[in-house]
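Chemist: The structure under discussion is supplied below as C-alpha cells; questions concerning it will follow.
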Amino acid sequence: MLCNNFRPELPVDIIDKEVFDEMNKTEKVSMLFKYGSELLCREEKHYTISLYLLNDFFVEVWYRSPSQKIERIEGTTHEEVAEN
C-alpha cells in the first residue's frame, strides 16, 4: 500500500490552496498531475522547480536534480510567483 491514510479523491472544483496544502504528498501529486497544467520550470541550485496552475492557484514542485525525486510540493501565492 502506497499510503495508509490516503483519502478518497476530493472533487477538483472544491480544491483551493488551503485544502491542497493540508493533503499528504501522495494526494497532492495525484491531484496535480491529473488536473493541473504545467506552466514553466526554473533551475535553482540542485533543484528543478516546476510551476503548475490548479484551479485558481499556483503549485510549485521541487525536484532534486539529478534524481528527479520530488522534495517539496506546495501551493504558492501570485506574489511569490511574481518574485521568482
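Residues are referred to by chain and number: the chain letter is A, B, ... according to the order shown in the C-alpha cells, the number counts from 1 in that chain, and ligands are numbered separately from 1 in the order shown.
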Can you pull out every residue within 9 Å of stretch 67-73 of chain A, counting only C-alpha atoms, but drop anything in the same chain fewer than 6 positions away, and send it as a VMD selection string?

Modeler: chain A and resid 21 25 28 to 29 47 to 48 59 to 61

Chemist: As JSON, numbers by chain, please: every residue in chain A that DSSP puts in strand (DSSP E or B).

Modeler: {"A": [37, 38, 39, 40, 41, 42, 43, 44, 47, 48, 49, 50, 51, 52, 53, 54, 57, 58, 59, 60, 61, 62, 63, 64, 69, 70, 71, 72, 73, 74, 75, 76]}

Chemist: Could you please take those selected residues and save N, CA, C and O atoms as a short mmCIF file (atom, residue, chain, number, x, y, z; two decimals), in the first residue's frame?

Modeler:
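Okay, selection_22.cif is ready:
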```
data_model
loop_
_atom_site.label_atom_id
_atom_site.label_comp_id
_atom_site.auth_asym_id
_atom_site.auth_seq_id
_atom_site.Cartn_x
_atom_site.Cartn_y
_atom_site.Cartn_z
N SER A 37 -2.03 22.14 -14.74
CA SER A 37 -1.38 22.47 -16.01
C SER A 37 0.01 23.02 -15.71
O SER A 37 0.15 24.00 -14.97
N GLU A 38 1.04 22.39 -16.29
CA GLU A 38 2.40 22.88 -16.08
C GLU A 38 2.60 24.16 -16.88
O GLU A 38 2.28 24.22 -18.06
N LEU A 39 3.11 25.18 -16.21
CA LEU A 39 3.30 26.48 -16.85
C LEU A 39 4.75 26.72 -17.25
O LEU A 39 5.02 27.19 -18.34
N LEU A 40 5.68 26.46 -16.33
CA LEU A 40 7.10 26.69 -16.63
C LEU A 40 7.97 26.00 -15.61
O LEU A 40 7.49 25.49 -14.61
N CYS A 41 9.28 25.99 -15.89
CA CYS A 41 10.28 25.41 -14.98
C CYS A 41 11.41 26.41 -14.81
O CYS A 41 11.68 27.22 -15.69
N ARG A 42 12.07 26.31 -13.65
CA ARG A 42 13.27 27.09 -13.42
C ARG A 42 14.26 26.22 -12.65
O ARG A 42 13.88 25.24 -12.03
N GLU A 43 15.51 26.59 -12.73
CA GLU A 43 16.58 25.87 -12.04
C GLU A 43 17.05 26.72 -10.87
O GLU A 43 17.18 27.94 -10.99
N GLU A 44 17.28 26.07 -9.75
CA GLU A 44 17.79 26.76 -8.56
C GLU A 44 18.66 25.79 -7.78
O GLU A 44 18.15 24.80 -7.25
N TYR A 47 18.00 21.98 -7.69
CA TYR A 47 16.58 21.70 -7.90
C TYR A 47 16.09 22.18 -9.26
O TYR A 47 16.55 23.19 -9.78
N THR A 48 15.14 21.44 -9.80
CA THR A 48 14.32 21.91 -10.89
C THR A 48 12.96 22.18 -10.28
O THR A 48 12.38 21.32 -9.61
N ILE A 49 12.45 23.40 -10.46
CA ILE A 49 11.19 23.80 -9.84
C ILE A 49 10.17 24.02 -10.94
O ILE A 49 10.36 24.89 -11.80
N SER A 50 9.12 23.22 -10.93
CA SER A 50 8.07 23.33 -11.93
C SER A 50 6.89 24.06 -11.32
O SER A 50 6.48 23.77 -10.19
N LEU A 51 6.33 24.98 -12.09
CA LEU A 51 5.17 25.75 -11.65
C LEU A 51 3.94 25.24 -12.38
O LEU A 51 3.94 25.10 -13.61
N TYR A 52 2.90 24.93 -11.61
CA TYR A 52 1.64 24.43 -12.14
C TYR A 52 0.50 25.38 -11.75
O TYR A 52 0.58 26.06 -10.73
N LEU A 53 -0.55 25.36 -12.55
CA LEU A 53 -1.79 26.04 -12.22
C LEU A 53 -2.83 24.97 -11.94
O LEU A 53 -3.03 24.06 -12.75
N LEU A 54 -3.45 25.05 -10.77
CA LEU A 54 -4.51 24.12 -10.38
C LEU A 54 -5.68 24.96 -9.90
O LEU A 54 -5.55 25.70 -8.91
N PHE A 57 -5.09 28.69 -8.28
CA PHE A 57 -3.87 28.93 -7.50
C PHE A 57 -2.70 28.18 -8.13
O PHE A 57 -2.88 27.29 -8.96
N PHE A 58 -1.50 28.60 -7.75
CA PHE A 58 -0.27 28.01 -8.28
C PHE A 58 0.29 26.98 -7.31
O PHE A 58 0.11 27.09 -6.10
N VAL A 59 1.00 26.00 -7.87
CA VAL A 59 1.67 24.97 -7.09
C VAL A 59 3.09 24.84 -7.62
O VAL A 59 3.31 24.80 -8.83
N GLU A 60 4.06 24.81 -6.69
CA GLU A 60 5.45 24.55 -7.06
C GLU A 60 5.82 23.13 -6.67
O GLU A 60 5.51 22.68 -5.57
N VAL A 61 6.48 22.45 -7.61
CA VAL A 61 7.01 21.11 -7.36
C VAL A 61 8.52 21.20 -7.45
O VAL A 61 9.06 21.59 -8.49
N TRP A 62 9.20 20.89 -6.35
CA TRP A 62 10.66 20.94 -6.28
C TRP A 62 11.22 19.55 -6.48
O TRP A 62 11.01 18.66 -5.65
N TYR A 63 11.91 19.35 -7.62
CA TYR A 63 12.56 18.08 -7.94
C TYR A 63 14.04 18.20 -7.62
O TYR A 63 14.69 19.16 -8.02
N ARG A 64 14.57 17.23 -6.91
CA ARG A 64 16.01 17.20 -6.62
C ARG A 64 16.72 16.69 -7.87
O ARG A 64 16.39 15.63 -8.39
N LYS A 69 13.68 13.22 -7.79
CA LYS A 69 12.78 12.90 -6.68
C LYS A 69 12.08 14.18 -6.23
O LYS A 69 12.69 15.23 -6.12
N ILE A 70 10.77 14.09 -5.99
CA ILE A 70 10.03 15.25 -5.51
C ILE A 70 10.38 15.48 -4.05
O ILE A 70 10.14 14.64 -3.20
N GLU A 71 10.97 16.64 -3.80
CA GLU A 71 11.35 17.01 -2.43
C GLU A 71 10.25 17.81 -1.75
O GLU A 71 10.06 17.70 -0.55
N ARG A 72 9.57 18.65 -2.53
CA ARG A 72 8.57 19.54 -1.94
C ARG A 72 7.50 19.82 -2.98
O ARG A 72 7.79 19.99 -4.16
N ILE A 73 6.25 19.88 -2.51
CA ILE A 73 5.13 20.23 -3.38
C ILE A 73 4.16 21.04 -2.53
O ILE A 73 3.67 20.58 -1.52
N GLU A 74 3.95 22.30 -2.94
CA GLU A 74 3.13 23.18 -2.11
C GLU A 74 2.49 24.29 -2.93
O GLU A 74 3.03 24.71 -3.96
N GLY A 75 1.35 24.75 -2.45
CA GLY A 75 0.69 25.89 -3.06
C GLY A 75 1.51 27.14 -2.83
O GLY A 75 2.24 27.25 -1.84
N THR A 76 1.41 28.07 -3.76
CA THR A 76 2.14 29.33 -3.64
C THR A 76 1.23 30.47 -4.08
O THR A 76 0.22 30.25 -4.73
#
```

Chemist: Please, what distance in Å, to one decimal, runs between atom CA of A:Ile15 and atom CA of A:Asn55?

Modeler: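 That distance, rounded to one decimal, is 7.4 Å.
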
Chemist: Please measure the separation of atom CA of A:Met31 and atom CA of A:Glu79, giving the value in Å to one decimal.

Modeler: 23.0 Å

Chemist: Out of A:Glu22, A:Leu32, A:Lys45, A:Glu83, which residue has the shortest atom-to-atom distance to A:Ser65 when counting only C-alpha atoms?

Modeler: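 Ranking A:Glu22, A:Leu32, A:Lys45, A:Glu83 by distance to A:Ser65, first place goes to A:Lys45.
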
Chemist: So what do you get for atom CA of A:Thr77 versus atom CA of A:Val19, distance-wise?

Modeler: 14.2 Å
